[in-house]
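To keep things clear, I will list the structure first and then write my remarks on it.
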Amino acid sequence: MPSSLQIKNLQLYRQDKLLLRLNAEVNGGEILTIMGPSGSGKSSLLNWITGTLSNDFSATGEVWLNAQNVSHLPTHLRQIGVLYQDALLFSHLSVAGNIAFAMPKENRQNHTKSSKKQRLEKIEHALAQVGLASMAKRHPDNLSGGQQARVALLRTLLSEPKAILLDEPFSKLDTQLRMETRQLVFEQIRDHKLPAIMVTHDHSDAEAAEGQVIHLGAAEIEQNHAR
């Protein structure tokens, strides 16, 4: 069955004020872009999808992932990965340790030296694919911003999510690095056939995503398509 992420009949409120109404569907390998001014509910939308909406907000509606209603599942069982503005890497872990931290835990009976070796080989292979070969043992604080962004991407992908959310993940990178990192992230999303939703203020992000664009506004919600 093709993968998909659906937002059904969402109404999002800040206290008693309606922020947005939304119905949307994203198929595997597609990127839906959400744009809008500060305070329009973009980040709160992502929090609602992951089940981390703060107490200042309330919402009605459902999140469906691969034809399953995940609205009432706890966050860790929804299998939805998130990339943020900051890489949020753990300083006390190596690059490999950061990635391994998010990988699905094996059955204790299978937690052998062999399985640990296989996990490390998988991490090293993934690092090589994104231009970070031989960096598994490096300390994350010694990486550049672009390298940290790549490690954060791998940590998310190797956690084996069924969908991915992008919360302004390129906003702190300079123009050239932003383009390179964005291309890499979008390629990985398409290669893994993951449905993705991206929140951004940058129109070049929306154009590069080559998908549906939803503009959140105070008065109405417009929908159109990026070129």
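Going through the structure tokens in order, the chains are called A, B, and so on, while each chain numbers its residues from 1 and the ligands are numbered from 1 in the order shown.
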
Next on the checklist: Set the distance at 12 Å and use only C-alpha atoms: which residues neighbour A:Gly97 once local chain neighbours fewer than 5 positions away are removed? I'd like the list as a list in words.
Outcome noted: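 Residues near the query, excluding close chain neighbours: Leu89, Phe90, Ser91, His92, Ala102, Met103, Lys116, Arg119, Leu120, Ile123, Glu124, Met135, Ala136, Lys137, Arg138, His139, Pro140, Val151, Ala152, Leu154 and Arg155 of chain A.
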
Item to check | strand (DSSP E or B) residues, from DSSP on the backbone, in chain A, as a PyMOL selection string | outcome: chain A and resi 4-14+17-27+31-35+57-65+68-69+80-83+163-167+196-199+212-216+221-225

Written file, previous selection with C-alpha atoms, as a PDB file, in the first residue's frame:
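Below is the file selection-v7.pdb, written as the result:
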ATOM      1  CA  SER A   4       0.329   8.684   2.885  1.00  0.00           C
ATOM      2  CA  LEU A   5      -0.194  11.252   5.635  1.00  0.00           C
ATOM      3  CA  GLN A   6      -3.672  12.762   5.941  1.00  0.00           C
ATOM      4  CA  ILE A   7      -5.001  15.648   7.990  1.00  0.00           C
ATOM      5  CA  LYS A   8      -8.756  15.274   8.307  1.00  0.00           C
ATOM      6  CA  ASN A   9     -11.060  18.086   9.407  1.00  0.00           C
ATOM      7  CA  LEU A  10      -8.487  19.858  11.569  1.00  0.00           C
ATOM      8  CA  GLN A  11      -9.639  22.915  13.493  1.00  0.00           C
ATOM      9  CA  LEU A  12      -6.856  24.391  15.609  1.00  0.00           C
ATOM     10  CA  TYR A  13      -7.587  26.898  18.381  1.00  0.00           C
ATOM     11  CA  ARG A  14      -5.437  29.114  20.567  1.00  0.00           C
ATOM     12  CA  LYS A  17      -9.676  31.699  18.863  1.00  0.00           C
ATOM     13  CA  LEU A  18      -9.773  29.598  15.693  1.00  0.00           C
ATOM     14  CA  LEU A  19      -6.310  29.691  14.104  1.00  0.00           C
ATOM     15  CA  LEU A  20      -6.834  27.437  11.120  1.00  0.00           C
ATOM     16  CA  ARG A  21      -8.960  24.835   9.397  1.00  0.00           C
ATOM     17  CA  LEU A  22      -7.255  22.260   7.238  1.00  0.00           C
ATOM     18  CA  ASN A  23      -7.786  19.128   5.181  1.00  0.00           C
ATOM     19  CA  ALA A  24      -4.708  17.818   3.386  1.00  0.00           C
ATOM     20  CA  GLU A  25      -3.142  14.634   2.078  1.00  0.00           C
ATOM     21  CA  VAL A  26       0.502  13.963   1.239  1.00  0.00           C
ATOM     22  CA  ASN A  27       1.646  10.809  -0.538  1.00  0.00           C
ATOM     23  CA  ILE A  31       6.483  17.382   0.216  1.00  0.00           C
ATOM     24  CA  LEU A  32       3.597  19.611   1.282  1.00  0.00           C
ATOM     25  CA  THR A  33       4.765  23.127   2.147  1.00  0.00           C
ATOM     26  CA  ILE A  34       3.002  25.216   4.804  1.00  0.00           C
ATOM     27  CA  MET A  35       3.646  28.976   4.712  1.00  0.00           C
ATOM     28  CA  PHE A  57      -3.919  25.199  22.158  1.00  0.00           C
ATOM     29  CA  SER A  58      -6.723  22.766  21.437  1.00  0.00           C
ATOM     30  CA  ALA A  59      -7.753  20.988  18.268  1.00  0.00           C
ATOM     31  CA  THR A  60     -10.334  18.744  16.688  1.00  0.00           C
ATOM     32  CA  GLY A  61      -9.660  16.493  13.717  1.00  0.00           C
ATOM     33  CA  GLU A  62      -7.645  13.384  12.934  1.00  0.00           C
ATOM     34  CA  VAL A  63      -4.181  12.401  11.738  1.00  0.00           C
ATOM     35  CA  TRP A  64      -4.109   9.348   9.468  1.00  0.00           C
ATOM     36  CA  LEU A  65      -0.837   7.650   8.566  1.00  0.00           C
ATOM     37  CA  GLN A  68      -4.387   4.195  10.223  1.00  0.00           C
ATOM     38  CA  ASN A  69      -5.806   6.807  12.589  1.00  0.00           C
ATOM     39  CA  ILE A  80       6.621  10.505  12.616  1.00  0.00           C
ATOM     40  CA  GLY A  81      10.120  12.000  12.441  1.00  0.00           C
ATOM     41  CA  VAL A  82      10.857  15.709  12.807  1.00  0.00           C
ATOM     42  CA  LEU A  83      13.740  17.895  11.607  1.00  0.00           C
ATOM     43  CA  ALA A 163       6.420  10.265   7.683  1.00  0.00           C
ATOM     44  CA  ILE A 164       8.646  13.271   8.265  1.00  0.00           C
ATOM     45  CA  LEU A 165       7.981  16.859   9.329  1.00  0.00           C
ATOM     46  CA  LEU A 166      10.359  19.731   8.544  1.00  0.00           C
ATOM     47  CA  ASP A 167      10.153  22.719  10.894  1.00  0.00           C
ATOM     48  CA  ALA A 196       6.583  15.035   4.264  1.00  0.00           C
ATOM     49  CA  ILE A 197       5.215  18.345   5.516  1.00  0.00           C
ATOM     50  CA  MET A 198       7.511  21.366   5.619  1.00  0.00           C
ATOM     51  CA  VAL A 199       6.962  24.639   7.463  1.00  0.00           C
ATOM     52  CA  GLN A 212       1.522  21.580  -3.010  1.00  0.00           C
ATOM     53  CA  VAL A 213       1.800  24.843  -1.063  1.00  0.00           C
ATOM     54  CA  ILE A 214      -0.710  25.924   1.565  1.00  0.00           C
ATOM     55  CA  HIS A 215      -0.698  29.535   2.748  1.00  0.00           C
ATOM     56  CA  LEU A 216      -2.095  30.061   6.227  1.00  0.00           C
ATOM     57  CA  ILE A 221      -6.517  29.416   3.780  1.00  0.00           C
ATOM     58  CA  GLU A 222      -5.414  29.488   0.172  1.00  0.00           C
ATOM     59  CA  GLN A 223      -4.052  26.509  -1.689  1.00  0.00           C
ATOM     60  CA  ASN A 224      -1.964  26.492  -4.833  1.00  0.00           C
ATOM     61  CA  HIS A 225       0.957  24.678  -6.382  1.00  0.00           C
TER      62      HIS A 225
END

Next on the checklist: Report as a PyMOL selection string all protein, DNA and RNA residues lying within 10 Å of A:Gln183, evaluated on only C-alpha atoms, omitting residues in the same chain fewer than 6 positions from it.
Outcome noted: chain A and resi 177+189+205+208-209

Next on the checklist: Taking only C-alpha atoms into account, name the residue in A:Ala96, A:Val130, A:Leu143, A:Leu158 that is nearest to A:Glu180.
Outcome noted: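 Residue with the minimum atom-to-atom distance to A:Glu180: A:Val130.
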
Checklist entry - When you draw a straight line from atom CA of A:Leu73 to atom CA of A:Lys162, how long is it in Å? => result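 Interatomic distance, atom CA of A:Leu73 to atom CA of A:Lys162: 14.3 Å.
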